[in-house]
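Below: the structure, in C-alpha cells.
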Amino acid sequence: MTERIVVDPVTRIEGHLRIEVDVDDSGVIQEAFSSGTAVRGIELIVRDRDPRDVWAYVQRICGVCTTTHALASIRSVEDALDIKIPRNAHLIRDIMNAAVFLHDHVVHFYHLHAFDWVDVLSALKADPNETSRIAQSLSSWPKSSPGYFKDIQMKVQKVVDSGQLGIFANGYWGHKAYKLPPEVNLLAVAHYLEALDWQKEIVKIHTIFGGKNPHPHYVVGGMATPIDINSDNAIHAERLMHVSQIIDQAVEFVNNVYIPDLLAIGSFYKDWTYGGGLNNYLCYGDFSTGDIRDVHLYRFPRGVILNGNFNEVLDVDPKDPEQVKEFIDHSWYTYDGKEGGVGKHPWEGETSLRYTGPKPPFKTLNTDEKYSWLKSPRWKEHPMETGPLARMLVGYALKKDEFVGLIDDTLKKLNWPLEAMRSALGRTVARGLESILVAKWMRDDMDALLANIRNGNQITFDRTKWEPSTWPKKAKGVGWMEAPRGALGHWIEIEDGKTKNYQAVVPTTWNASPRDHKGQIGAYEASLKGTPLLDKEKPLEILRIVHSFDPCLACAVHLTDLESKQTTHIRIG
Amino acid sequence: MKRKTILEEVLDRGFTRRDFLKMCTALAATMGLDFSQTDQVVAAMEKNQRVPVIWLQFQDCTGCSESFIRSTHPKVESVLLNMISLEYSEVLSAASGHQVEAALEHVLEHYPGEYILAVEGSLPTDDAFLTVGGVSAKETFLRAAKGAKAIIAYGSCSSWGGIPAAYPNPTKAKPITHFVKDKPIILVPGCPPIAEVMTGVIAHIITFGKFPELDHLGRPKAFYRHRIHDKCNRRAYFDAGLFAESFDDEGARQGYCLYKVGCKGPTTYNSCAEMRWNGGVSYPIQSGNPCIGCSEKGFWDNGPFFVRRAKIPASQTTINPETVGAIAVGVTAAGVAAHAAVTAMKKKDEHHDRGE
C-alpha cells in the first residue's frame, strides 16, 4: 500500500517545480516524479532574430543564473561564425562567470538550502557565548563576538514575538530531522543575514563590466566595455581596483564563512547519506586558460562517468548527433506528430507542444502518462546528473591535483569514504569545494587581465565578423559551458543572417527530467527513491534532496510552441 | 496580538532611534524626496506595522526577485525584517507545498485590504501553461488581487507582457493589467527594474499610505519621469555629434555617444542614468553597452538592438538636438555634419520599422 505525497510549489528554488512521491507504510519513498509546471517559449521567440541579439532574449531564460545563458548564446554564435575573441574579453567573461558561480552557490547554501538543515527557531535557545566560541574555532572571520550573536538572536526573537514571521512562516521548525545544536543554528542564521548583504557586492563585477545585474550586457565578438587606462570613460585603474577588491572579499567570504559553515553543518549530518541518485555524471567543461576551443586547457575538465566507474572518463562531444538527445515520452510534447519513442539531437530539435495533463485545479498528475513540461535529455541514451558533484567527481577521476587534494582532504575531515559523496550532502559539499576553486581561478584571471593591460593590451572586441555581410549563408554552432547548476549547451543554426533554429539543453532539464522512452528515471527522481520520511506531513527530506541540486525550473522549461490543446505541429527549423 | 510599529520593531531589534532616523533618511532619498520630507517618513514609520506582502511569480525568470534582494538603501535585510512581512515568496519562503499555500491563505483571510501584492512575470491566457499547487496561475492571481491594498507589477513581463509576449507570443502571454481592471496597478517596468526603484515603491506606499504619483502609463513619476538620454553621462557627446562607430573603437574608449551602435536611451524612460545600478556603480551605457530599452513597452520587438537607431522625440527633452543641440554646445562643422547624418539615419529607419 503506497500513499501519494505532493510538494507543490517547491519553494527556495527558481521557477515552478512539483514533486510527487509514492511512500510505503514505513514512510520510504518508492517512486518519485519530478514535474515542471510552467512554460514560456523563448526558443521560438528568438527565431528570425539577429543572432547578435539572441543573447539578450535567452538571458531571460533565467534571472538567477543571470549570465550563463547569455554567455552560452554568444559562444554558439561565435562558434558558428568562427569568431575568435580577444584574450581580455575571454578573461572578463570568465571573471563574470566565476562571479555568478560564487553568488549562486553562496545564495543557494544560505538562502535556498540552509533551512533544510538549519532550524531557525532553535537558534533562539542558543547560548551566544558558545556560538562565539564555535565561530572562532572555525575561522578567523571577524564578526564572531558573543555580543554580535546576541544581537542576531534578538532580531530573530523580535520577528517571532511580532507574530509576523514573514519568510520564516510555516517552516518545518522542530522537525526531528534537524540535528544541529541551537548554537550552530544561531551561527547559520547570522551568516544567512551576512550572506544576504554580501551577495549584493559580488555582482558589482557584472555592473562594472556589463552595466548591471541581474542581466548584464554582452556582445558577440568580445566585450563592449572598453579598457583605456587613460580615459575617464573606460575601464581604468579605479574600476580595475574595484573589481580586484570585490574578488578578494569573495575569496575571503568563501574560505572563511561559507566553507567552515558547510563543513561544520555537514559534520552533524554526515550519517544522512540519502539522495545519491544516478551515479552517472556529465560535464562539458569550462574555464579554459586558453581559448574556449582549447578543451585540453579547461580547468573544469570535460567528461562522463557512467555507473560510478571512476576508472574510465568517457569523451563528450556536443556536436555528435548520437550523443546528446532529448526524449519526450513523458513530456507534454510530440515529435513528428507522434508521442515519442525517439530522441532528437538539438540541431534537429522539434518542440511541438501538446498538454495532455489534468485540467486545473487538480490533485495529482497522471504519472503513468506524460507529466512534465521538461523534456528528457539523455547522453547516449543514459540519464545523467550534471552540476557541482559531477564536476568534482570528473576532475577527481581524471586525477587533477586541485580536485583530488580538495576531495581527499574533505573526506578525511568528515571521516567519509568516497562513496559518501554520492548523496544530497555530498552534492552540497561538492558545491562548496568547487567554489574554492572558482574563487581562486577568478583571482588568477584578474591577475592575468591586469598583466595584459600592463603589457599594453587593452583590446576587448574583434569586429572583423561583426557585419552580417561577412558571414556564410548558412552556419551552425554550439555554445557550451559549465553553469553553476551544470552542463549547459545552446545550439544555433544561422541562415541568411538570421536565427533559423535555436535549442538550449540546460542543467536542470538534465537533472529534473521525467522518465524517458525506456522508462529510465531522471536524476531528481533517482535521488529521492529509497529515502525514508520521518513525517509524511512535513517531507523535509524531499526538500533537502531536491534542493541539493539547486533547481532552476525557468531554465529547464524555456521552450514552447503554440496554444495549448491545439494539436497542429510546428517544426522549428 | 497587537502588532508592533516599525519604530518599535527597529528599537526592539537593538537599533537606536538614531539608526532608525538614518534608515528613514536613506528611505527618503530612495523615494526621491528631499531632506525636508524626511520628517514625514519618520512619522509614518513610527506609526506603521510591518505590511504583509504576497509576492507571486508567474511567467518569469526570477530576475526581478534577484534584483530586489540587491537593494542597497534600504538594505534588503532591513526591508524584510523592518518594513514588510514577506508572507509568500517562491524564492525566499522557508515553507514549501501546502504549508506555504497555508501562509498565503492566512494573509488573504486575516489582512484583507491591508496587504501588498507584488507580481513578477506575465500570465498565460491558457491555464495549462502555468499551474502552481495544481491551481492555474490566473486563478491564484485573481484571488490574491481581490483583497490587496495595492498591486505592484514588478518588471516588464507583468507590466507589459515582456519576453513571453514577444513575437510570436507562443503562450498568448498578457500583462497582469489584462486580468484586473477594477484596481490601480503600479507598473515598475524594467528587465529587471533597478533594485532601489523596487524597494523605493514599496517604501513609498508604506510610508505615506498611498500610491506614488503615477504617469499616464501607470509608472511612478519619481523613477520614470525622464528618459535615460536626458541624464546620460554621454549626453554631451551626443549634443556635440561625437559617436562611437563600433565597440572598442577610439570613440567608445573616449566615452562618445552610443547612438550609432543602437542605444535606445533616447526613447527609454528609467532611472538608470541617475540612480545607476547595484548601489550606483554603473549602468549599461556607462559600461560601453547600448541601452536596449528594457523598461519600454514591447521593447523586445523593437530590435535589432545594435542596428536600429532610436527615433528621438522632438519634445520632452531639455534641448532638442535636432535643432539647437549642436549650436548650444558650439560644435565644429564635423559635429554638425554628424548630426545631420544621425537625422538622415533616423528617417531611413522610419521606413524599415517592423510593423508590430
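Labeling convention for the C-alpha cells: chains A, B, ... as they appear, residues from 1 per chain, ligands from 1 in order of appearance.
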
For the helix (DSSP H, G or I) assignment from backbone DSSP, which residues of stretch 180-342 of chain A qualify? Please present them as a PyMOL selection string.
chain A and resi 182-202+204-210+237-268+295-297

Find the residues near A:Leu314: any atom within 7 Å, counting only C-alpha atoms, skip ones fewer than 4 places away on the same chain, and give them as JSON, numbers by chain.
{"A": [303, 304, 305]}

Members of stretch 106-289 of chain B assigned strand (DSSP E or B) by DSSP, as a ChimeraX atom specification:
/B:116-120,122-124,130-132,135-136,150-154,173-174,185-188,214,220,227,243,257,269,277,282

I'd like the neighbourhood of stretch 165-167 of chain A as a PDB file with N, CA and C atoms, in the first residue's frame, where a residue qualifies if any of its atoms comes within 10 Å (using only C-alpha atoms), though same-chain residues fewer than 2 positions away should be ignored.
```
ATOM      1  N   VAL A 156      15.914  37.797  15.619  1.00  0.00           N
ATOM      2  CA  VAL A 156      15.009  36.677  15.325  1.00  0.00           C
ATOM      3  C   VAL A 156      13.892  36.633  16.368  1.00  0.00           C
ATOM      4  N   LYS A 158      12.560  39.016  18.022  1.00  0.00           N
ATOM      5  CA  LYS A 158      11.560  40.062  17.830  1.00  0.00           C
ATOM      6  C   LYS A 158      10.652  39.761  16.643  1.00  0.00           C
ATOM      7  N   VAL A 159      11.212  39.160  15.622  1.00  0.00           N
ATOM      8  CA  VAL A 159      10.355  38.763  14.497  1.00  0.00           C
ATOM      9  C   VAL A 159       9.329  37.744  14.977  1.00  0.00           C
ATOM     10  N   VAL A 160       9.794  36.810  15.772  1.00  0.00           N
ATOM     11  CA  VAL A 160       8.881  35.783  16.289  1.00  0.00           C
ATOM     12  C   VAL A 160       7.830  36.420  17.196  1.00  0.00           C
ATOM     13  N   ASP A 161       8.279  37.304  18.078  1.00  0.00           N
ATOM     14  CA  ASP A 161       7.348  37.946  19.008  1.00  0.00           C
ATOM     15  C   ASP A 161       6.312  38.818  18.298  1.00  0.00           C
ATOM     16  N   SER A 162       6.681  39.364  17.159  1.00  0.00           N
ATOM     17  CA  SER A 162       5.752  40.254  16.447  1.00  0.00           C
ATOM     18  C   SER A 162       4.558  39.476  15.899  1.00  0.00           C
ATOM     19  N   GLY A 163       4.681  38.150  15.838  1.00  0.00           N
ATOM     20  CA  GLY A 163       3.591  37.361  15.269  1.00  0.00           C
ATOM     21  C   GLY A 163       3.598  37.384  13.753  1.00  0.00           C
ATOM     22  N   ALA A 169       7.610  31.909   8.098  1.00  0.00           N
ATOM     23  CA  ALA A 169       6.293  31.364   8.457  1.00  0.00           C
ATOM     24  C   ALA A 169       6.130  29.932   7.962  1.00  0.00           C
ATOM     25  N   ASN A 170       5.563  29.100   8.832  1.00  0.00           N
ATOM     26  CA  ASN A 170       5.173  27.729   8.471  1.00  0.00           C
ATOM     27  C   ASN A 170       6.317  26.825   8.035  1.00  0.00           C
ATOM     28  N   GLY A 171       7.556  27.162   8.377  1.00  0.00           N
ATOM     29  CA  GLY A 171       8.661  26.245   8.096  1.00  0.00           C
ATOM     30  C   GLY A 171       8.522  24.991   8.945  1.00  0.00           C
TER      31      GLY A 171
ATOM     32  N   ARG B  50       4.612  46.302  10.229  1.00  0.00           N
ATOM     33  CA  ARG B  50       5.162  45.707   9.006  1.00  0.00           C
ATOM     34  C   ARG B  50       4.018  45.255   8.109  1.00  0.00           C
ATOM     35  N   VAL B  51       4.076  45.688   6.893  1.00  0.00           N
ATOM     36  CA  VAL B  51       2.984  45.414   5.965  1.00  0.00           C
ATOM     37  C   VAL B  51       3.155  44.035   5.341  1.00  0.00           C
ATOM     38  N   PRO B  52       2.120  43.203   5.391  1.00  0.00           N
ATOM     39  CA  PRO B  52       2.226  41.892   4.751  1.00  0.00           C
ATOM     40  C   PRO B  52       2.353  42.039   3.235  1.00  0.00           C
ATOM     41  N   VAL B  53       3.254  41.279   2.669  1.00  0.00           N
ATOM     42  CA  VAL B  53       3.442  41.304   1.222  1.00  0.00           C
ATOM     43  C   VAL B  53       3.338  39.876   0.691  1.00  0.00           C
ATOM     44  N   ILE B  54       2.550  39.727  -0.346  1.00  0.00           N
ATOM     45  CA  ILE B  54       2.496  38.463  -1.086  1.00  0.00           C
ATOM     46  C   ILE B  54       3.219  38.702  -2.405  1.00  0.00           C
ATOM     47  N   LEU B  80      13.110  43.325   4.763  1.00  0.00           N
ATOM     48  CA  LEU B  80      12.429  42.092   5.167  1.00  0.00           C
ATOM     49  C   LEU B  80      12.105  42.052   6.659  1.00  0.00           C
ATOM     50  N   LEU B  81      12.997  42.604   7.471  1.00  0.00           N
ATOM     51  CA  LEU B  81      12.794  42.484   8.915  1.00  0.00           C
ATOM     52  C   LEU B  81      12.144  43.709   9.543  1.00  0.00           C
ATOM     53  N   ILE B  84       8.535  45.221   5.763  1.00  0.00           N
ATOM     54  CA  ILE B  84       7.460  44.359   5.275  1.00  0.00           C
ATOM     55  C   ILE B  84       7.549  42.998   5.951  1.00  0.00           C
ATOM     56  N   SER B  85       6.470  42.280   5.846  1.00  0.00           N
ATOM     57  CA  SER B  85       6.485  40.893   6.280  1.00  0.00           C
ATOM     58  C   SER B  85       6.180  40.067   5.034  1.00  0.00           C
ATOM     59  N   LEU B  86       7.232  39.531   4.442  1.00  0.00           N
ATOM     60  CA  LEU B  86       7.080  38.800   3.179  1.00  0.00           C
ATOM     61  C   LEU B  86       6.502  37.425   3.477  1.00  0.00           C
ATOM     62  N   GLU B  87       5.210  37.294   3.262  1.00  0.00           N
ATOM     63  CA  GLU B  87       4.497  36.103   3.724  1.00  0.00           C
ATOM     64  C   GLU B  87       4.522  34.970   2.710  1.00  0.00           C
ATOM     65  N   TYR B  88       4.740  35.313   1.451  1.00  0.00           N
ATOM     66  CA  TYR B  88       4.719  34.270   0.425  1.00  0.00           C
ATOM     67  C   TYR B  88       5.695  34.661  -0.662  1.00  0.00           C
ATOM     68  N   SER B  89       6.716  33.826  -0.853  1.00  0.00           N
ATOM     69  CA  SER B  89       7.671  34.055  -1.922  1.00  0.00           C
ATOM     70  C   SER B  89       8.249  32.713  -2.324  1.00  0.00           C
ATOM     71  N   GLU B  90       8.169  32.388  -3.603  1.00  0.00           N
ATOM     72  CA  GLU B  90       8.695  31.099  -4.037  1.00  0.00           C
ATOM     73  C   GLU B  90      10.213  31.048  -3.913  1.00  0.00           C
ATOM     74  N   VAL B  91      10.850  32.204  -3.806  1.00  0.00           N
ATOM     75  CA  VAL B  91      12.308  32.216  -3.677  1.00  0.00           C
ATOM     76  C   VAL B  91      12.735  32.137  -2.215  1.00  0.00           C
ATOM     77  N   LEU B  92      12.096  32.936  -1.358  1.00  0.00           N
ATOM     78  CA  LEU B  92      12.637  33.087  -0.002  1.00  0.00           C
ATOM     79  C   LEU B  92      11.865  32.340   1.088  1.00  0.00           C
ATOM     80  N   SER B  93      10.611  32.001   0.865  1.00  0.00           N
ATOM     81  CA  SER B  93       9.841  31.350   1.923  1.00  0.00           C
ATOM     82  C   SER B  93      10.504  30.056   2.371  1.00  0.00           C
ATOM     83  N   ALA B  94      10.586  29.879   3.684  1.00  0.00           N
ATOM     84  CA  ALA B  94      11.147  28.634   4.212  1.00  0.00           C
ATOM     85  C   ALA B  94      10.216  27.475   3.916  1.00  0.00           C
ATOM     86  N   ALA B  95       8.914  27.723   4.001  1.00  0.00           N
ATOM     87  CA  ALA B  95       7.947  26.641   3.818  1.00  0.00           C
ATOM     88  C   ALA B  95       7.739  26.342   2.339  1.00  0.00           C
ATOM     89  N   VAL B 100       3.260  26.411   2.611  1.00  0.00           N
ATOM     90  CA  VAL B 100       3.419  27.772   2.084  1.00  0.00           C
ATOM     91  C   VAL B 100       2.097  28.259   1.503  1.00  0.00           C
ATOM     92  N   ALA B 103       0.248  29.687   4.282  1.00  0.00           N
ATOM     93  CA  ALA B 103       0.714  31.032   4.635  1.00  0.00           C
ATOM     94  C   ALA B 103       0.022  32.065   3.753  1.00  0.00           C
TER      95      ALA B 103
END
```

Could you check which of A:Thr68, A:Asn185, A:Ser435, A:Asn213 is closest to chain B, using only C-alpha atoms?
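Of A:Thr68, A:Asn185, A:Ser435, A:Asn213, the one nearest chain B, counting only C-alpha atoms, is A:Asn213.
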
Applying 10 Å and only C-alpha atoms, which residues near B:Glu274 remain after dropping the ones on its own chain fewer than 2 positions away? List them as a tab-separated table (two decimals) with C-alpha atoms, in the first residue's frame.
```tsv
chain	number	residue	atom	x	y	z
B	223	PHE	CA	11.58	56.93	-11.15
B	226	HIS	CA	12.87	61.16	-17.59
B	228	ILE	CA	17.89	57.89	-19.87
B	230	ASP	CA	18.11	63.24	-20.62
B	231	LYS	CA	20.61	62.45	-17.90
B	232	CYS	CA	23.08	60.27	-19.75
B	233	ASN	CA	26.76	60.63	-18.88
B	270	ASN	CA	14.03	54.88	-16.48
B	271	SER	CA	16.36	55.96	-13.67
B	272	CYS	CA	19.46	54.13	-14.90
B	276	ARG	CA	22.58	53.70	-11.71
B	277	TRP	CA	22.76	50.04	-10.79
B	280	GLY	CA	25.28	53.37	-8.05
B	282	SER	CA	27.41	51.89	-13.23
B	283	TYR	CA	24.72	51.31	-15.84
```

Closest of A:Tyr298, A:Tyr396, A:Trp55, A:Tyr284 to chain B, counting only C-alpha atoms, is A:Trp55

Using only C-alpha atoms, the best pick from B:Gly133, B:Pro74, B:Pro184, B:Gly279 as closest to chain A would be B:Gly133

Stretch 268-341 of chain A near stretch 534-558 of chain A within 9 Å: what's each residue's closest atom pair and its distance in Å to one decimal, counting only C-alpha atoms, ordered by chain then ascending residue number, as JSON lines?
```
{"residue": "A:Tyr274", "atom": "CA", "partner": "A:Ile545", "partner_atom": "CA", "distance": 7.7}
{"residue": "A:Gly275", "atom": "CA", "partner": "A:Ile545", "partner_atom": "CA", "distance": 5.5}
{"residue": "A:Gly276", "atom": "CA", "partner": "A:Ile545", "partner_atom": "CA", "distance": 8.7}
```

Give me the residues within 8 Å of A:Gly395 as a PyMOL selection string, counting only C-alpha atoms and dropping any in the same chain fewer than 4 places off.
chain A and resi 300-301+391+399-400+403-404

For A:Lys518, please output as a ChimeraX atom specification all residues within 10 Å (counting only C-alpha atoms; exclusion window: fewer than 5 positions along the same chain).
/A:327,329,341,381-382

Å distance separating atom CA of A:Leu411 from atom CA of A:Gly426, one decimal place
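Straight-line distance from atom CA of A:Leu411 to atom CA of A:Gly426 works out to 9.9 Å.
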
What lies within 7 Å of A:Ser513 using only C-alpha atoms, ignoring chain neighbours under 3 positions off, as a list in words?
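In the requested form, the answer reads Ser34, Leu374, Lys375, Ser376, Thr509, Trp510 and Gly522 of chain A.
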
Dump C-alpha atoms for the selected residues as a compact mmCIF listing (two decimals), in the first residue's frame?
```txt
# COMPACT_ATOMS: atom_id res chain seq x y z
CA SER A 34 9.50 15.47 -10.99
CA LEU A 374 10.52 19.28 -19.19
CA LYS A 375 11.91 17.03 -21.89
CA SER A 376 14.29 14.20 -21.03
CA THR A 509 16.48 19.71 -17.65
CA TRP A 510 19.12 17.01 -17.27
CA GLY A 522 15.85 11.34 -14.12
```

So, with only C-alpha atoms as the atoms that count, which of B:Gly161, B:His216, B:Lys146, B:Ala203 lies closest to B:Phe299?
B:Gly161

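Of the listed residues B:Lys149, B:Arg253, B:Lys221, B:Lys264, the one whose atoms come nearest to chain A is B:Arg253, with distances taken using only C-alpha atoms.
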
Of the residues B:Trp160, B:Ala166, B:Val119, B:Ser71, which is the one nearest to B:Ala144, using only C-alpha atoms?
B:Val119
